[in-house]
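For reference, the structure discussed in these notes is given below.
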Amino acid sequence: MLNIYENQAKVFKAFCDENRLKILEMLRGGEKCACVLLEQLELGQSGLSYHMKILVDSGIVQSRQDGKWTHYKINTEGSLYAEGLLKKLTTPNFENIYSNDNDNICSD
């Protein structure tokens, strides 16, 4: 079972590659077949599969099989989760800042 930080890292890993960012940009226009993505990207089938696995595993993209092709689209729930996660991790948590005053003191 993955811990919470491993799950969160999967989300951010999805955004850490220019090919995946291009794919996400393309998917903003709606569902796309893998064949369409292959035509528009400078990737082979194995390269596209690699990037799509990361995007799907992150929860940001969902897939569905249609015959021999897979279709992909942005997962609204995954997108909202990623947005909320970024906000949560970059917003100061003042509730816990004074929970243990000794944690904020450097010792010589």
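We name chains A, B, ... following the order of the structure tokens; residues begin at 1 in each chain, and ligands are numbered from 1 as shown.
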Leaving out Arg28 of chain A and any residue of its chain fewer than 3 positions from it, which residues lie within 7 Å of it when counting only C-alpha atoms, given as a PDB file with C-alpha atoms, in the first residue's frame?
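Contents of selection-v8.pdb, freshly written:
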ATOM      1  CA  LEU A  24      -2.523  17.470 -21.172  1.00  0.00           C
ATOM      2  CA  GLU A  25      -2.813  20.555 -23.364  1.00  0.00           C
ATOM      3  CA  ILE A  74      -8.802  14.648 -18.421  1.00  0.00           C
TER       4      ILE A  74
END
Non-local contacts of Ile54 of chain A (9 Å; only C-alpha atoms; under 4 positions in same chain excluded) as a ChimeraX atom specification: /A:10-11,13-14,20,49-50,58-59
Which is closer to Tyr72 of chain A than all the others in A:Lys88, A:Lys32, A:Lys22, A:His51, using only C-alpha atoms? A:Lys32
Grab the atom CA of Gly29 of chain A to atom CA of Asn75 of chain A distance for me, in Å with one decimal place.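 Distance reported for this atom pair: 12.7 Å.
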Point out the residue among A:Leu55, A:Tyr81, A:Trp69, A:Gln62 with the least atom-to-atom distance to Cys16 of chain A, counting only C-alpha atoms. A:Leu55
Helix (DSSP H, G or I) positions in segment 2-100 of chain A, given as JSON, numbers by chain: {"A": [4, 5, 6, 7, 8, 9, 10, 11, 12, 13, 14, 18, 19, 20, 21, 22, 23, 24, 25, 26, 27, 34, 35, 36, 37, 38, 39, 40, 45, 46, 47, 48, 49, 50, 51, 52, 53, 54, 55, 56, 57, 58, 76, 77, 78, 79, 80, 81, 82, 83, 84, 85, 86, 87, 88, 89, 90]}
